[in-house]
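Report on the following structure.
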Amino acid sequence: MAARILIIVPIARVMGSTHSDRLTTVLSAPAETERRATPLTRDFVVKAFVICLSFANLCFVNVWAEVTDRDLDFFKRYLLSWQELAAVTLDVLLLAVLLFIPVYLAAKSGNRKVIWIVKVCALAGLLYPLNILRKWVSPSVFPPFPVRIALAVVGVAAIILLVRKWGSKSIAVTYTVLTISSPLLPVVVAGAAWNIHTKHAEDRLPLAMIPQKAGAPRVLWFIFDEWDGALTFGRRPANFTLPHLDRFRSESFHADRAYTVSRETVISVPSLLTGKIFLDKQWKGTSELLLTYDPAKPPEPLTSERTIFSEVRAAGYNAAIAGNYLPYCRLFDVATCEWHGNPDFRPPEWEVPTTVGEHMVLAARRQVDQLPFSRRIGFLREIHENAGLRRRLLAVPYREIHEAAMRSIADPRLNLVFVHWDFPHPTARFEAAKDDFSDNPANTYLDNLKLVDRTVRDIRSALEQANLWDSSTILLTSDHPLRVNNWDSRMLAPPQAGEVTQTSEVPFLLKMAGQKEEFEYSRAMQTVVTKDLLLSIMRGELTRPEQVAAWLDRNPPRL
């Protein structure tokens, strides 16, 4: 938040009002005044470029906020790099040059019509950073397309009226605002450079593999983020099929009234891993999460808790992690680990190390996305889909975690494999009709459920090829249900699927080693007991689904 205040609030006016204010005089001259082309002073040229540079910097306000906000470094796989800083800075400079050229030519020509056009463009251009701020501060404020068209027409009419009636004053005010904002670029660049210089984060070194005897337990625990139990099974839309999930459910123990302790991943997942019901959280630096268990006591570091990973290791077994969102590899000691940052706090493209030139293209592409109606304009649609770059970036986190997961579940040396997928959590990045990732705005949560189904197919295939399906205990569950009120209804399901309403159940599908028949558990349960349940299975205390049901009856959550 401090970074946002730094960027948004003007801090000082650093430029004087000498004869070099000719920029204001030239651009605010009445449209009726005819001017002659005259040579421009160096002072005028410098000031004109500084004003363009100030405006260009405001056009990247959202990017600067992201790269300078250290509070969210906990969720980032890669911290800000010199390449990223150089790329954004060069993008700002390049945009400033592109803006300066027409301003310079208009001022030099003295043509009243050209100057009038520049006036209108200058004022209209301010709508762009304002639109960025609107979407950044209140992303949910996104009216329907007809309303946006009406607002755009009103805005253009207001700008033309402003230039015709109060051209001198409006341009003078614009000039003053951009002048006051001009020191922000060196300030944010210096702050970002200091961030790079002082902030570091490293993953923990992998633990040595402990040799395993034949018959050692194998437990695979898959968490699908924001996976809704009711929408997947009990209240599934008509003609919507999930064949691989249905097949898995028909061969597993399933609790249809399973509930989580929180609808926040950052609370729910640590509760699952420790078996304790946490109430609140705060992150500290890049490698620590403080959690409140008892409101009367100070928060406890997650790294000091007894987790399923530490207990599995103490029992002489090997554990592996592949996950998204939390910085698993900085928090836990395991034999193998792979993780991706949180896309809510850092766009997927910034989680992929690239060159300065590639980062420039990615940052510029993100800003093209901010243009009103950009995806409805053919030329800009070409930019969005150029070389499939956007689709590739959307798929990167999934494919990397998918590869790590498939590699781990087929490794007979690993006794516990924990995988936290970042879907079907909205927004939808998968297009079921094409069986591929896409940024199609028509994609919905149901498309992401299809990706869950496909992933379950891949899990089964990998285990069967490694001859490990029958000997593995597999749990499919979620950290919390779909939070309907968090998302636009258009993101959840197509209109023909009907209204999506809020429920509380999450899937809990447990296939015991060797299990072939379905076992339904009808009583309510809290998934926070999962850690103790899986440890009992690994100790050989539970081998059949009816024993799991009896264990759940005897072991309510620890308070």
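Labels for the structure tokens follow display order: chains A, B, ..., residues from 1 in each chain, ligands from 1.
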I'd like the neighbourhood of range 499-514 of chain A as JSON, numbers by chain, where a residue qualifies if any of its atoms comes within 8 Å (using only C-alpha atoms), though same-chain residues fewer than 2 positions away should be ignored. {"A": [227, 228, 229, 230, 248, 249, 251, 252, 253, 254, 255, 256, 257, 258, 259, 260, 469, 470, 471, 472, 473, 474, 475, 476, 477, 478, 479, 480, 481, 482, 483, 484, 485, 489, 492, 493, 495, 497, 516, 527, 543, 544, 545]}
So that I can check the secondary structure, give me every residue of range 178-248 of chain A assigned strand (DSSP E or B) by backbone DSSP, as number ranges by chain. A: 219-224
Since we have the selection now, will you write its residues out, keeping C-alpha atoms, as a PDB file, in the first residue's frame?
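The resulting out14.pdb:
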ATOM      1  CA  VAL A 219       0.480 -41.446   0.012  1.00  0.00           C
ATOM      2  CA  LEU A 220      -0.331 -38.847  -2.648  1.00  0.00           C
ATOM      3  CA  TRP A 221      -2.171 -35.739  -1.450  1.00  0.00           C
ATOM      4  CA  PHE A 222      -3.603 -33.424  -4.107  1.00  0.00           C
ATOM      5  CA  ILE A 223      -5.180 -30.067  -3.240  1.00  0.00           C
ATOM      6  CA  PHE A 224      -7.066 -28.285  -6.021  1.00  0.00           C
TER       7      PHE A 224
END
Residues within 9 Å of Thr286 in chain A, please, as an MDAnalysis selection string. Count only C-alpha atoms; anything in the same chain fewer than 6 positions from it doesn't count. chainID A and resid 71:76 199:202 327 330
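Between Gly316 in chain A and the candidates A:Val368, A:Leu302, A:Ala172, A:Met209, the tightest atom-to-atom separation, counting only C-alpha atoms, involves A:Met209.
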Which residues come within 8 Å of Pro426 in chain A, counting only C-alpha atoms, excluding same-chain residues fewer than 5 positions away, as a PyMOL selection string? chain A and resi 444-445+448+487+491-492
Pull C-alpha atoms from the residues just selected and write them as a PDB file, in the first residue's frame.
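Now in again24.pdb:
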ATOM      1  CA  THR A 444     -15.635 -20.010 -16.959  1.00  0.00           C
ATOM      2  CA  TYR A 445     -15.058 -21.925 -13.751  1.00  0.00           C
ATOM      3  CA  ASN A 448     -11.317 -25.106 -15.063  1.00  0.00           C
ATOM      4  CA  TRP A 487     -16.291 -13.296  -8.692  1.00  0.00           C
ATOM      5  CA  MET A 491     -16.792 -15.995 -14.735  1.00  0.00           C
ATOM      6  CA  LEU A 492     -18.496 -18.927 -13.013  1.00  0.00           C
TER       7      LEU A 492
END
Please provide the set of residues having any atom within 8 Å of Leu533 in chain A, restricted to only C-alpha atoms, with same-chain residues fewer than 3 positions apart removed, written as a PyMOL selection string. chain A and resi 529-530+536-537+548+551
Could you give me, as a ChimeraX atom specification, the residues within 10 Å of Ile308 in chain A, counting only C-alpha atoms and dropping anything in the same chain fewer than 4 positions from it? /A:272-275,312-314,319,416,418,530-532,534-535
